[in-house]
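Worksheet: the structure to be examined is printed underneath.
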Amino acid sequence: MADTKREIERKYEATDDTRLPDLTRAAGVDRTVHRGLTELDAVYYDTAGLRLAADALTLRRRTGGADEGWHLKFPVATGIRDEIHEPLADTLPPALAALLRSRVRHAEIAPVVRLRSARDVHHLTAADGALLAEVSIDRVRAERLAGEGVGTTAAWTEIEVELADDGDPAILDAVEKRLRKAGVRPARSASKLARALAETAPEHQEKRPEPDGPRTAGDHVLVYVREQIRAIVDLDPAVRRDLPDSVHKMRVATRRLRSTFKTHRKILDREATDPLGAELKWLAAELGLDRDQEVLDERLGSRIEALPATLTLGPVRGRLRAWSAARRTGSRRRIIDVLDGKRYLDLLDALDALSAGPPLRPAAGRPPGKALPRAVLKD
């Protein structure tokens, strides 16, 4: 069973000569305990087109340290990620491969970057000895393993401050205040992998220009369509992990996409969108099995709580829980089978194809102020 933890950390620029200031002067910190030097060796995996990196996901196999093994990290917010850990193995664990399926699909995952780090670790503790945060000075050596720039290396030093489990985020603010006072500044890259990819990229590689904002009616519709496609892809791992409300949110995205196709028939050609709408309806129905059970559980539970205690003596609640668990297990298994199936993956490919080459009709080139309100009012 994979272990999951919420990782809350901040990164800072440093040099080989950087020394940590006295962090016991940070509010709430009583002691700084030096834990010594650890050698880490991590290989990061991605597709040839770096699909995971494009979505700020990181997949690595790391040796050294207390948590060596496979790690998959999903972004939650700035400086916050969910890290899923599997034991060390030679090949990618199936549980992690499943969480990447909506993004990777049929593409091969292979090593793209190797990072070797010398990590000097310090623990910040409270007066009662409780761990508040871990501060490390990392001296990193990166090597590009695939694609353009293969064999290119880079090296840098950074400071990483990670909040302890169930720690108070105010500690991070207090530590940052001391670091800034000592002249240390936040890192420009959100992760080591992002920096490694940037610093080992070919110098001649052109940066993609930032896309212009939406101008035409078609532009505005496509922005919304792509948002819903992105939501379906992003929510896939959450549904697999059975995170709260994830099934409901995924169904909402399918409904919004179908509604957009219906409302804007004069923008997007129905010959292309109608078949997709039918497949989205199928997906929503499959997801609905699990969602319907959630709603039924809530309703039955609230009705039972409202009954007089004399009417719920005996195994009423126990039987209801057993019945619900059995139904949920069956519906969950069916949803996972759907998400692993060819029909669903083909739907994702078709949605990507529509996004990349939208079947625009002549009305798509009109000003949004005229074409869009008319379509919505007609609905």
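By convention in this document, the chains of the structure tokens carry letters A, B, ... by their order, each chain's residues are numbered from 1, and ligands are numbered from 1 in the order they are shown.
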**Message:** Which residues are near Asp22 in chain A? Cut-off 10 Å, only C-alpha atoms, ignore same chain within fewer than 2 positions. Put them as a VMD selection string.
**Reply:** chain A and resid 19 to 20 24 to 26 31 to 32 175 178 to 179 182
**Request:** Based on DSSP run over this structure's backbone, return all residues of range 16-202 of chain A in strand (DSSP E or B), as number ranges by chain.
**Result:** A: 31-46, 58-63, 69-77, 80-86, 110-125, 131-144, 153-163, 186
**Proximity to Val376 in chain A - best of A:Ala97, A:Arg299, A:Asp236, A:Thr263, only C-alpha atoms** = A:Thr263
**Request:** Select, from A:Arg374, A:Lys11, A:His34, A:Arg180, the residue with the minimum atom-to-atom distance to Thr125 in chain A, counting only C-alpha atoms.
**Result:**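 The answer is A:His34, which sits nearest to Thr125 in chain A.
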